[in-house]
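Asks: Input structure: work.cif, which contains mmCIF, C-alpha atoms.
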```cif
data_work
loop_
_atom_site.label_atom_id
_atom_site.label_comp_id
_atom_site.auth_asym_id
_atom_site.auth_seq_id
_atom_site.Cartn_x
_atom_site.Cartn_y
_atom_site.Cartn_z
CA MET A 1 14.01 -21.54 2.83
CA THR A 2 16.21 -18.56 2.08
CA THR A 3 16.97 -15.27 3.82
CA LYS A 4 16.88 -13.33 0.58
CA CYS A 5 13.98 -10.92 0.33
CA GLN A 6 11.57 -11.60 -2.48
CA SER A 7 10.12 -8.93 -4.74
CA GLU A 8 6.94 -9.48 -6.70
CA VAL A 9 3.88 -7.55 -7.79
CA SER A 10 1.50 -7.74 -4.86
CA ARG A 11 -1.95 -6.24 -4.65
CA SER A 12 -2.64 -7.72 -1.21
CA ASP A 13 -5.89 -5.88 -1.32
CA ALA A 14 -3.13 -9.50 -0.88
CA LEU A 15 -8.20 -12.07 3.36
CA GLY A 16 -9.19 -13.29 15.93
CA ALA A 17 -11.42 -10.68 16.42
CA PRO A 18 -9.76 -7.48 17.59
CA THR A 19 -11.49 -5.24 20.06
CA THR A 20 -13.81 -2.57 18.69
CA SER A 21 -11.34 0.10 19.76
CA GLN A 22 -8.77 -0.68 17.09
CA ILE A 23 -7.77 1.61 14.17
CA CYS A 24 -11.11 3.40 13.93
CA TRP A 25 -10.73 6.63 12.02
CA PRO A 26 -13.37 9.37 12.06
CA ARG A 27 -15.76 8.98 9.14
CA GLY A 28 -14.91 12.32 7.54
CA ARG A 29 -11.18 11.65 7.58
CA ARG A 30 -11.70 8.17 6.14
CA LEU A 31 -13.84 9.49 3.29
CA LEU A 32 -11.31 12.22 2.52
CA PHE A 33 -8.50 9.67 2.42
CA VAL A 34 -10.36 7.40 -0.01
CA ILE A 35 -11.34 10.29 -2.30
CA LEU A 36 -7.82 11.74 -2.30
CA ARG A 37 -6.26 8.40 -3.18
CA GLU A 38 -8.73 7.88 -6.04
CA VAL A 39 -7.85 11.31 -7.44
CA LEU A 40 -4.11 10.62 -7.19
CA GLN A 41 -4.52 7.30 -9.00
CA ARG A 42 -5.98 9.13 -12.00
CA ILE A 43 -2.95 11.39 -12.49
CA PRO A 44 -0.77 10.20 -15.40
CA PHE A 45 2.45 8.45 -14.32
CA LYS A 46 1.26 8.62 -10.69
CA PRO A 47 3.89 11.05 -9.31
CA LEU A 48 2.23 10.87 -5.88
CA ASP A 49 0.51 8.00 -4.13
CA ILE A 50 -0.71 7.45 -0.58
CA ASN A 51 -2.01 4.29 1.01
CA GLY A 52 -2.67 2.60 4.31
CA LEU A 53 -1.54 -1.01 4.68
CA TYR A 54 -3.02 -3.11 7.46
CA PHE A 55 -1.16 -6.19 8.66
CA MET A 56 -3.08 -9.14 10.08
CA GLU A 57 -2.21 -12.47 11.67
CA TYR A 58 -3.93 -15.79 12.14
CA ALA A 59 -2.04 -17.48 14.96
CA ASP A 60 -2.78 -21.08 14.10
CA ILE A 61 -3.26 -23.55 11.29
CA PRO A 62 -6.66 -22.91 9.66
CA PRO A 63 -9.28 -25.40 10.84
CA ALA A 64 -10.69 -28.10 8.61
CA ASP A 65 -14.39 -27.47 8.15
CA ALA A 66 -16.47 -29.84 6.06
CA ASN A 67 -19.08 -27.14 5.46
CA PHE A 68 -16.58 -25.22 3.36
CA GLN A 69 -15.25 -28.22 1.47
CA ARG A 70 -18.46 -28.53 -0.47
CA GLY A 71 -19.26 -26.37 -3.48
CA ARG A 72 -18.88 -26.18 -7.23
CA ALA A 73 -15.24 -25.07 -7.27
CA ASN A 74 -12.36 -27.45 -6.71
CA VAL A 75 -9.12 -26.08 -5.23
CA ARG A 76 -5.67 -27.37 -6.05
CA ASP A 77 -2.02 -26.42 -6.55
CA ALA A 78 -1.37 -24.15 -9.51
CA THR A 79 1.46 -24.70 -11.97
CA LEU A 80 2.72 -22.89 -15.05
CA ARG A 81 0.13 -24.83 -17.01
CA ASP A 82 -2.46 -22.65 -15.28
CA LEU A 83 -0.83 -19.42 -16.44
CA GLU A 84 -3.48 -18.56 -19.04
CA GLY A 85 -6.24 -19.20 -16.54
CA LEU A 86 -4.57 -16.90 -14.02
CA VAL A 87 -4.07 -14.20 -16.64
CA ALA A 88 -7.77 -14.45 -17.55
CA CYS A 89 -8.52 -13.47 -13.94
CA GLN A 90 -5.92 -10.70 -13.67
CA ASN A 91 -3.70 -9.57 -16.53
CA THR A 92 -0.37 -9.66 -14.66
CA ARG A 93 1.42 -12.37 -16.63
CA ASP A 94 4.97 -11.29 -15.81
CA ALA A 95 4.25 -11.22 -12.09
CA PHE A 96 2.76 -14.71 -12.18
CA VAL A 97 5.76 -16.09 -14.07
CA LYS A 98 8.19 -14.52 -11.58
CA ARG A 99 6.28 -15.98 -8.67
CA PHE A 100 6.39 -19.48 -10.13
CA ARG A 101 10.11 -19.09 -10.81
CA SER A 102 10.72 -17.98 -7.22
CA ASN A 103 8.90 -21.11 -5.99
CA ASP A 104 6.05 -19.34 -4.27
CA TYR A 105 2.94 -21.42 -3.75
CA CYS A 106 -0.30 -20.76 -5.58
CA VAL A 107 -3.76 -22.23 -5.12
CA VAL A 108 -6.45 -21.98 -7.79
CA ALA A 109 -10.18 -22.53 -7.69
CA VAL A 110 -11.51 -24.25 -10.79
CA CYS A 111 -15.09 -24.49 -12.00
CA GLY A 112 -15.32 -26.85 -14.94
CA ASP A 113 -12.17 -26.00 -16.89
CA ARG A 114 -12.06 -22.35 -15.84
CA VAL A 115 -9.85 -20.78 -13.16
CA VAL A 116 -12.17 -18.54 -11.14
CA GLY A 117 -9.86 -17.54 -8.29
CA TYR A 118 -6.39 -17.82 -6.83
CA GLU A 119 -4.18 -16.87 -3.88
CA TRP A 120 -0.40 -16.84 -3.40
CA PHE A 121 1.74 -17.83 -0.42
CA CYS A 122 5.39 -17.14 0.42
CA ASP A 123 7.46 -19.00 3.03
CA LYS A 124 10.71 -17.09 2.67
CA ALA A 125 12.29 -14.92 5.36
CA CYS A 126 10.87 -11.71 3.93
CA TYR A 127 8.76 -10.43 1.09
CA VAL A 128 9.16 -7.12 -0.75
CA GLU A 129 5.87 -5.50 -1.76
CA GLU A 130 6.75 -4.19 -5.21
CA ARG A 131 4.41 -1.22 -5.40
CA TYR A 132 6.20 0.50 -2.53
CA SER A 133 9.34 -1.65 -2.00
CA LEU A 134 8.19 -2.34 1.53
CA GLU A 135 10.12 -5.20 3.12
CA ILE A 136 7.75 -7.49 4.99
CA PRO A 137 9.54 -9.80 7.43
CA ILE A 138 8.01 -13.25 7.68
CA PRO A 139 8.55 -15.08 11.00
CA SER A 140 10.15 -18.49 10.64
CA ALA A 141 6.97 -20.18 11.90
CA ALA A 142 4.71 -18.20 9.54
CA ILE A 143 3.62 -18.14 5.94
CA TYR A 144 2.70 -14.93 4.10
CA ALA A 145 -0.56 -14.88 2.13
CA TYR A 146 -0.90 -12.33 -0.67
CA ASP A 147 -2.70 -11.36 -3.86
CA GLY A 148 -5.90 -13.30 -3.33
CA PHE A 149 -8.43 -12.80 -6.11
CA ILE A 150 -11.82 -14.34 -6.92
CA LEU A 151 -13.98 -13.41 -9.89
CA PRO A 152 -16.95 -11.28 -8.72
CA GLU A 153 -19.58 -13.82 -9.75
CA HIS A 154 -17.93 -16.46 -7.52
CA ARG A 155 -17.27 -14.40 -4.39
CA VAL A 156 -20.22 -15.71 -2.38
CA GLY A 157 -19.42 -19.39 -2.86
CA GLY A 158 -16.98 -19.87 0.03
CA ILE A 159 -13.95 -20.20 -2.24
CA TRP A 160 -11.64 -18.06 -0.13
CA VAL A 161 -12.50 -20.00 3.01
CA LYS A 162 -11.87 -23.19 1.08
CA PHE A 163 -8.42 -21.84 0.16
CA GLN A 164 -7.68 -21.53 3.88
CA SER A 165 -9.36 -24.63 5.31
CA VAL A 166 -8.29 -27.05 2.60
CA TYR A 167 -5.22 -25.88 0.67
CA LEU A 168 -3.46 -23.62 3.17
CA ARG A 169 -4.11 -25.99 6.05
CA GLU A 170 -2.41 -28.83 4.20
CA LEU A 171 0.42 -26.58 3.01
CA MET A 172 1.18 -25.33 6.52
CA GLN A 173 1.18 -28.85 7.92
CA ARG A 174 3.60 -29.92 5.20
CA LEU A 175 5.91 -26.94 5.80
CA HIS A 176 5.55 -27.05 9.60
CA LYS A 177 4.16 -23.53 9.82
CA GLN A 178 2.00 -22.28 12.68
CA LYS A 179 0.90 -18.77 11.69
CA VAL A 180 -0.49 -16.87 8.71
CA VAL A 181 0.39 -13.22 8.06
CA THR A 182 -1.17 -11.02 5.41
CA MET A 183 -1.70 -7.41 4.39
CA ILE A 184 -4.81 -5.55 3.26
CA ASP A 185 -5.03 -2.15 1.62
CA TYR A 186 -7.00 0.50 3.48
CA GLY A 187 -10.50 0.79 2.06
CA ASN A 188 -10.84 -2.85 1.03
CA ARG A 189 -13.75 -3.41 3.39
CA LEU A 190 -14.85 -6.73 1.88
CA SER A 191 -11.45 -8.35 2.32
CA MET A 192 -11.06 -6.92 5.82
CA LYS A 193 -14.46 -8.22 6.85
CA THR A 194 -13.74 -11.67 5.42
CA HIS A 195 -10.44 -11.96 7.29
CA LEU A 196 -11.90 -10.78 10.59
CA ARG A 197 -14.76 -13.23 10.36
CA PHE A 198 -12.35 -16.07 9.69
CA GLY A 199 -10.31 -15.21 12.78
CA PHE A 200 -7.48 -12.95 11.66
CA LYS A 201 -6.41 -10.20 14.06
CA LEU A 202 -5.12 -6.75 13.21
CA VAL A 203 -1.59 -6.15 14.45
CA SER A 204 -0.10 -3.06 12.77
CA ARG A 205 -0.56 -0.36 10.18
CA VAL A 206 1.84 1.26 7.71
CA PHE A 207 1.02 4.60 6.14
CA VAL A 208 2.78 5.00 2.78
CA ILE A 209 3.64 8.12 0.83
CA LYS A 210 5.24 7.53 -2.56
CA ILE A 211 6.69 10.56 -4.34
CA PHE A 212 8.21 10.16 -7.80
CA GLY A 213 8.99 6.52 -7.15
CA LYS A 214 10.43 6.97 -3.65
CA SER A 215 8.40 5.47 -0.80
CA PHE A 216 8.27 6.70 2.80
CA PHE A 217 6.80 4.49 5.52
CA PHE A 218 5.23 5.37 8.85
CA LYS A 219 4.54 2.24 10.86
CA SER A 220 2.52 2.00 14.05
CA ASN A 221 0.94 -0.69 16.15
CA LEU A 222 -2.82 -0.48 16.30
CA PRO A 223 -4.15 1.70 19.13
CA LYS A 224 -6.27 0.00 21.77
CA ASN A 225 -7.82 2.97 23.50
CA LYS A 226 -9.72 4.95 20.84
CA PRO A 227 -13.25 3.61 20.47
CA ALA A 228 -15.20 4.58 17.35
CA LEU A 229 -17.39 2.84 14.82
CA SER A 230 -16.86 4.73 11.60
CA ASP A 231 -13.89 2.82 10.22
CA PRO A 232 -14.45 -0.13 7.84
CA VAL A 233 -12.74 -2.36 10.39
CA CYS A 234 -15.17 -1.39 13.11
CA LEU A 235 -18.13 -1.73 10.75
CA ALA A 236 -16.94 -5.19 9.91
CA LEU A 237 -16.70 -6.07 13.57
CA ARG A 238 -20.13 -4.67 14.31
CA ASN A 239 -21.68 -6.71 11.48
CA ARG A 240 -20.00 -10.00 12.35
#
```
As structure tokens, what does this structure read like?
Replies:
Amino acid sequence: MTTKCQSEVSRSDALGAPTTSQICWPRGRRLLFVILREVLQRIPFKPLDINGLYFMEYADIPPADANFQRGRANVRDATLRDLEGLVACQNTRDAFVKRFRSNDYCVVAVCGDRVVGYEWFCDKACYVEERYSLEIPIPSAAIYAYDGFILPEHRVGGIWVKFQSVYLRELMQRLHKQKVVTMIDYGNRLSMKTHLRFGFKLVSRVFVIKIFGKSFFFKSNLPKNKPALSDPVCLALRNR
């Protein structure tokens, strides 16, 4: 383990139940935020970007559950030999190569001979989210999960849960880790809902403004005294 921060491309869009009073924005404000960000993403060279990053924790080793160990996809460690399969999922070859070289851990889901999903894990002292150069400290007892991706046609097969209950469980036991931390982009309702159902808890939020390549961060712990049900988080909780 090293104290040097790691920098890689991370979507973290990088998958416990908080109370229904947490981080619930009014519906109109949420819709405006999503629309504004979509418009900004369409501007050439992206001189301005805004985003909300939600940090979550799972304060234990994921449980082993036989119900999620069944299925068509097998999960296993990824190596450089899987590079083409990873690139077929997401065309970020350089990022994948850098992650392998930095000794991050990667799990892949394989159906037949095809890679249909993956997720990355970092056990270093901190991780630098490359889009915004945000330094994410990783507690010594924790592992950071990021850039999970599953092909759309395989997203209802329990693959992500299998990543946690099979691969990550064994990895954490081997590394003597006791907590999982992750980050989800605001608006990624499906990923948020999946994490909440599994048992992750929301802990903090970082609002990001990036202007001509320079990022500004506004971090806050999640409020516990503002009930509402219009935010994707609250909708996820209500539908659990």
Asks: Using the chain letters and numbers from this file, what does the PyMOL selection byres ((chain A and resi 134) around 10) select? Give the answer as a list in words.
Replies: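 On this input, the PyMOL selection byres ((chain A and resi 134) around 10) captures Ser7, Tyr127, Val128, Glu129, Glu130, Arg131, Tyr132, Ser133, Glu135, Ile136, Pro137, Val206, Val208, Ser215, Phe216 and Phe217 of chain A.
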Asks: At a cut-off of 8 Å, using all atoms listed in the file, what residues contact stretch 107-122 of chain A? Leave out same-chain residues fewer than 4 positions from it and give the result as number ranges by chain.
Replies: A: 72-78, 82, 85-86, 88-89, 127, 143-151, 154, 159, 163, 167
Asks: What is the atom CA of A:Asn91-atom CA of A:Met183 distance in Å, reported with one decimal?
Replies: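 So the two atoms, atom CA of A:Asn91 and atom CA of A:Met183, lie 21.1 Å apart.
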Asks: Name the residues captured by the PyMOL selection byres ((chain A and resi 50-61) around 8) when it is applied to the shown file; answer as a PDB file with C-alpha atoms, in the coordinates of the input.
Replies:
```
ATOM      1  CA  GLY A  16      -9.190 -13.290  15.930  1.00  0.00           C
ATOM      2  CA  ARG A  37      -6.260   8.400  -3.180  1.00  0.00           C
ATOM      3  CA  LEU A  48       2.230  10.870  -5.880  1.00  0.00           C
ATOM      4  CA  ASP A  49       0.510   8.000  -4.130  1.00  0.00           C
ATOM      5  CA  PRO A  62      -6.660 -22.910   9.660  1.00  0.00           C
ATOM      6  CA  PRO A  63      -9.280 -25.400  10.840  1.00  0.00           C
ATOM      7  CA  ARG A 169      -4.110 -25.990   6.050  1.00  0.00           C
ATOM      8  CA  MET A 172       1.180 -25.330   6.520  1.00  0.00           C
ATOM      9  CA  GLN A 173       1.180 -28.850   7.920  1.00  0.00           C
ATOM     10  CA  LYS A 177       4.160 -23.530   9.820  1.00  0.00           C
ATOM     11  CA  GLN A 178       2.000 -22.280  12.680  1.00  0.00           C
ATOM     12  CA  LYS A 179       0.900 -18.770  11.690  1.00  0.00           C
ATOM     13  CA  VAL A 180      -0.490 -16.870   8.710  1.00  0.00           C
ATOM     14  CA  VAL A 181       0.390 -13.220   8.060  1.00  0.00           C
ATOM     15  CA  THR A 182      -1.170 -11.020   5.410  1.00  0.00           C
ATOM     16  CA  MET A 183      -1.700  -7.410   4.390  1.00  0.00           C
ATOM     17  CA  ILE A 184      -4.810  -5.550   3.260  1.00  0.00           C
ATOM     18  CA  ASP A 185      -5.030  -2.150   1.620  1.00  0.00           C
ATOM     19  CA  TYR A 186      -7.000   0.500   3.480  1.00  0.00           C
ATOM     20  CA  GLY A 199     -10.310 -15.210  12.780  1.00  0.00           C
ATOM     21  CA  PHE A 200      -7.480 -12.950  11.660  1.00  0.00           C
ATOM     22  CA  LYS A 201      -6.410 -10.200  14.060  1.00  0.00           C
ATOM     23  CA  LEU A 202      -5.120  -6.750  13.210  1.00  0.00           C
ATOM     24  CA  VAL A 203      -1.590  -6.150  14.450  1.00  0.00           C
ATOM     25  CA  SER A 204      -0.100  -3.060  12.770  1.00  0.00           C
ATOM     26  CA  ARG A 205      -0.560  -0.360  10.180  1.00  0.00           C
ATOM     27  CA  VAL A 206       1.840   1.260   7.710  1.00  0.00           C
ATOM     28  CA  PHE A 207       1.020   4.600   6.140  1.00  0.00           C
ATOM     29  CA  VAL A 208       2.780   5.000   2.780  1.00  0.00           C
ATOM     30  CA  ILE A 209       3.640   8.120   0.830  1.00  0.00           C
ATOM     31  CA  LYS A 210       5.240   7.530  -2.560  1.00  0.00           C
TER      32      LYS A 210
END
```
Asks: Could you work out how far atom CA of A:Val156 lies from atom CA of A:Ala64, giving the answer in Å with one decimal?
Replies: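 Separation of atom CA of A:Ala64 and atom CA of A:Val156: 19.1 Å.
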Asks: What does the distance between atom CA of A:Ser220 and atom CA of A:Leu168 come to in Å, to one decimal place?
Replies: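 According to the coordinates, atom CA of A:Ser220 and atom CA of A:Leu168 are separated by 28.5 Å.
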